[in-house]
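**Student:** One structure coming up, written as structure tokens, with questions to follow.
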Amino acid sequence: MSWPIEQLLPHAGAMILLDELIECEIERVVCTRRVQRGAAFTDRDGLPAWAGIELMAQTIAAWNGYNARVAGQPVRPGFLLGTRSYRCNVQHFPIGTELRIEAVRGFHDDEGMAAFICRIEAQDMLAEARLTVFSPPDASVLLDPETNIIKEPTHG
């Protein structure tokens with residue numbers, strides 16, 4: 001089964017930075033992105049290296065969305081909690097570069113917490129990081145501005 005990337009991500013419009021999901025396995029996912037002039041975050045030099053973290057996070061989101069679709073469930077939002085050891089050997093991914101973004105799940109729990117080892121590869125370019133993400137079964141509590149998830153202490 002395959003779906004357009006727009007049907008796998010909780011993002012919309014220009015905030016979708018991926019072009020396609022090309023591989024999806026139980027613990028691994030690979031997506032692609034061609035760096036295009038005028039796309040979100042690009043400048044005259046291309047896509048800044050720091051945007052690689054978002055490409056990695058969206059690749060993980062695509063993995064999550066794919067697995068939800070296969071299970072007949074809706075795509076649900078996730079949250080990037082942290083990035084460790086992000087390294088990239090270039091300052092920008094140049095316009096026209098075809099990026100291959102891979103994420104391999106190294107840890108997960110039943111509450112929706114997971115860690116992925118990620119890489120972006122293209123010609124002589126390489127970016128690597130470990131991302132920690134959270135995709136709770138019901139994110140509505142976290143997304144509702146009326147919800148007070150920080151409780152005031154009670155005095156008794």
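Every chain in the structure tokens takes a letter, A first, then B, and so on in the order presented; its residues are numbered from 1, and the ligands are numbered from 1 following the presented order.
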As a list in words, which residues of stretch 24-154 of chain A does DSSP assign to helix (DSSP H, G or I)?
**Tutor:**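 Those in stretch 24-154 of chain A that DSSP calls helix (DSSP H, G or I) are Ala49, Trp50, Ala51, Gly52, Ile53, Glu54, Leu55, Met56, Ala57, Gln58, Thr59, Ile60, Ala61, Ala62, Trp63, Asn64, Gly65, Tyr66, Asn67, Ala68, Arg69, Val70, Ser140, Val141, Leu142 and Leu143 of chain A.
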**Student:** Create the file for the chosen residues now, containing N, CA and C atoms and written as a tab-separated table (two decimals), in the first residue's frame.
**Tutor:**
chain	number	residue	atom	x	y	z
A	49	ALA	N	21.34	23.71	6.51
A	49	ALA	CA	21.57	22.42	7.17
A	49	ALA	C	20.68	22.23	8.39
A	50	TRP	N	20.40	23.32	9.12
A	50	TRP	CA	19.57	23.18	10.32
A	50	TRP	C	18.18	22.65	10.00
A	51	ALA	N	17.69	22.85	8.78
A	51	ALA	CA	16.38	22.34	8.39
A	51	ALA	C	16.38	20.82	8.26
A	52	GLY	N	17.55	20.23	8.26
A	52	GLY	CA	17.64	18.77	8.22
A	52	GLY	C	16.93	18.12	9.40
A	53	ILE	N	16.92	18.80	10.54
A	53	ILE	CA	16.22	18.24	11.71
A	53	ILE	C	14.73	18.10	11.40
A	54	GLU	N	14.15	19.09	10.74
A	54	GLU	CA	12.73	19.02	10.38
A	54	GLU	C	12.48	17.93	9.34
A	55	LEU	N	13.39	17.75	8.39
A	55	LEU	CA	13.25	16.66	7.42
A	55	LEU	C	13.25	15.31	8.13
A	56	MET	N	14.13	15.17	9.11
A	56	MET	CA	14.19	13.92	9.88
A	56	MET	C	12.89	13.72	10.67
A	57	ALA	N	12.41	14.78	11.32
A	57	ALA	CA	11.18	14.68	12.11
A	57	ALA	C	9.99	14.34	11.22
A	58	GLN	N	9.91	14.94	10.03
A	58	GLN	CA	8.80	14.63	9.13
A	58	GLN	C	8.91	13.21	8.58
A	59	THR	N	10.10	12.71	8.42
A	59	THR	CA	10.28	11.32	7.98
A	59	THR	C	9.73	10.37	9.05
A	60	ILE	N	10.01	10.68	10.31
A	60	ILE	CA	9.45	9.88	11.41
A	60	ILE	C	7.92	10.01	11.41
A	61	ALA	N	7.41	11.20	11.19
A	61	ALA	CA	5.96	11.41	11.13
A	61	ALA	C	5.34	10.61	9.98
A	62	ALA	N	6.04	10.53	8.84
A	62	ALA	CA	5.55	9.75	7.71
A	62	ALA	C	5.49	8.26	8.07
A	63	TRP	N	6.48	7.78	8.81
A	63	TRP	CA	6.49	6.40	9.29
A	63	TRP	C	5.27	6.16	10.18
A	64	ASN	N	5.04	7.09	11.09
A	64	ASN	CA	3.90	6.99	12.01
A	64	ASN	C	2.58	7.03	11.24
A	65	GLY	N	2.48	7.95	10.28
A	65	GLY	CA	1.27	8.06	9.48
A	65	GLY	C	1.02	6.82	8.63
A	66	TYR	N	2.08	6.28	8.05
A	66	TYR	CA	1.94	5.06	7.25
A	66	TYR	C	1.39	3.92	8.10
A	67	ASN	N	1.99	3.74	9.29
A	67	ASN	CA	1.55	2.65	10.16
A	67	ASN	C	0.12	2.86	10.64
A	68	ALA	N	-0.28	4.10	10.88
A	68	ALA	CA	-1.66	4.38	11.26
A	68	ALA	C	-2.60	4.03	10.12
A	69	ARG	N	-2.27	4.42	8.89
A	69	ARG	CA	-3.11	4.13	7.73
A	69	ARG	C	-3.27	2.63	7.52
A	70	VAL	N	-2.15	1.89	7.63
A	70	VAL	CA	-2.20	0.44	7.46
A	70	VAL	C	-3.15	-0.19	8.49
A	140	SER	N	-5.17	15.29	21.64
A	140	SER	CA	-6.09	16.41	21.77
A	140	SER	C	-5.92	17.15	23.10
A	141	VAL	N	-5.60	16.43	24.15
A	141	VAL	CA	-5.39	17.07	25.45
A	141	VAL	C	-4.22	18.04	25.39
A	142	LEU	N	-3.19	17.68	24.67
A	142	LEU	CA	-2.01	18.54	24.56
A	142	LEU	C	-2.22	19.71	23.60
A	143	LEU	N	-3.11	19.54	22.64
A	143	LEU	CA	-3.33	20.57	21.63
A	143	LEU	C	-4.46	21.53	21.95
**Student:** Please report, as a ChimeraX atom specification, each residue of chain A to which DSSP assigns strand (DSSP E) when run on this structure's backbone.
**Tutor:** /A:20-24,28-34,47-48,79-88,92-93,98-108,113-122,125-134
**Student:** Quick one: residues within 9 Å of A:Pro4, only C-alpha atoms counted, chain neighbours fewer than 4 positions away excluded, as a compact mmCIF listing (two decimals) with C-alpha atoms, in the first residue's frame?
**Tutor:**
# COMPACT_ATOMS: atom_id res chain seq x y z
CA LEU A 8 0.71 10.51 5.88
CA ASP A 19 8.28 14.63 -1.52
CA GLU A 20 7.74 10.90 -1.11
CA LEU A 21 7.89 7.93 1.23
**Student:** For A:Met125, please output as a list in words all residues within 10 Å (counting only C-alpha atoms; exclusion window: fewer than 3 positions along the same chain).
**Tutor:**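 What passes the distance filter is Cys88, Asn89, Val90, Gln91, His92, Phe93, Thr97, Leu99, Ile120, Glu121 and Ala122 of chain A.
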**Student:** Pick out the closest residue to A:Ile117 from this set: A:Leu47, A:Glu6, A:Ile95, A:Val30. Count only C-alpha atoms.
**Tutor:** A:Val30
**Student:** Kindly indicate which residue among A:Gln123, A:Ser135, A:Gln7, A:Ser2 lies nearest to A:Pro94, using only C-alpha atoms for the distances.
**Tutor:**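 Under the stated criterion, the closest residue is A:Gln123.
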**Student:** May I ask which of the residues A:Arg44, A:Arg130, A:Arg76, A:Arg84 is the closest one to A:Ala103, counting only C-alpha atoms?
**Tutor:**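 When distances to A:Ala103 are compared using only C-alpha atoms, the smallest one comes from A:Arg130.
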**Student:** Ranking A:Glu102, A:Leu80, A:Ala127, A:Thr132 by minimum distance to A:Pro48 and counting only C-alpha atoms, which one comes first?
**Tutor:**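 For A:Pro48, the nearest of the candidates is A:Ala127.
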**Student:** May I have the residues within 6 Å of A:Val104 as a list in words, using only C-alpha atoms and disregarding those fewer than 5 positions away in the same chain?
**Tutor:**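 Near A:Val104, the qualifying residues are Glu27, Arg28, Phe116 and Ile117 of chain A.
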**Student:** Of the residues A:Ile5, A:Ala115, A:Val35, A:Ala71, which is the one nearest to A:Arg100, using only C-alpha atoms?
**Tutor:**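 The shortest atom-to-atom distance to A:Arg100 comes from A:Val35.
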**Student:** Need to verify the contact set: A:Phe134, 7 Å, only C-alpha atoms, exclusion of same-chain residues closer than 5 positions in sequence. Can you return it as number ranges by chain?
**Tutor:** A: 78-81, 112-114
**Student:** Filtering to N, CA and C atoms, could you give me those residues as a short mmCIF file (atom, residue, chain, number, x, y, z; two decimals), in the first residue's frame?
**Tutor:**
data_model
loop_
_atom_site.label_atom_id
_atom_site.label_comp_id
_atom_site.auth_asym_id
_atom_site.auth_seq_id
_atom_site.Cartn_x
_atom_site.Cartn_y
_atom_site.Cartn_z
N GLY A 78 2.43 14.26 16.20
CA GLY A 78 3.51 13.87 17.09
C GLY A 78 4.30 15.11 17.44
N PHE A 79 5.19 14.96 18.38
CA PHE A 79 5.96 16.09 18.89
C PHE A 79 7.44 15.73 18.93
N LEU A 80 8.26 16.62 18.42
CA LEU A 80 9.71 16.46 18.51
C LEU A 80 10.12 16.93 19.89
N LEU A 81 10.65 16.03 20.70
CA LEU A 81 11.04 16.38 22.06
C LEU A 81 12.49 16.81 22.16
N GLY A 112 3.86 6.07 23.56
CA GLY A 112 4.08 6.91 22.39
C GLY A 112 5.44 7.57 22.30
N MET A 113 6.32 7.30 23.25
CA MET A 113 7.68 7.84 23.23
C MET A 113 8.55 6.93 22.37
N ALA A 114 9.44 7.55 21.57
CA ALA A 114 10.34 6.77 20.72
C ALA A 114 11.60 7.57 20.42
#
**Student:** Considering only C-alpha atoms, state which residue in the set A:Cys118, A:Arg87, A:Pro137, A:Gly13 is at the smallest distance from A:Ala39.
**Tutor:**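 Nearest candidate to A:Ala39 out of A:Cys118, A:Arg87, A:Pro137, A:Gly13: A:Gly13.
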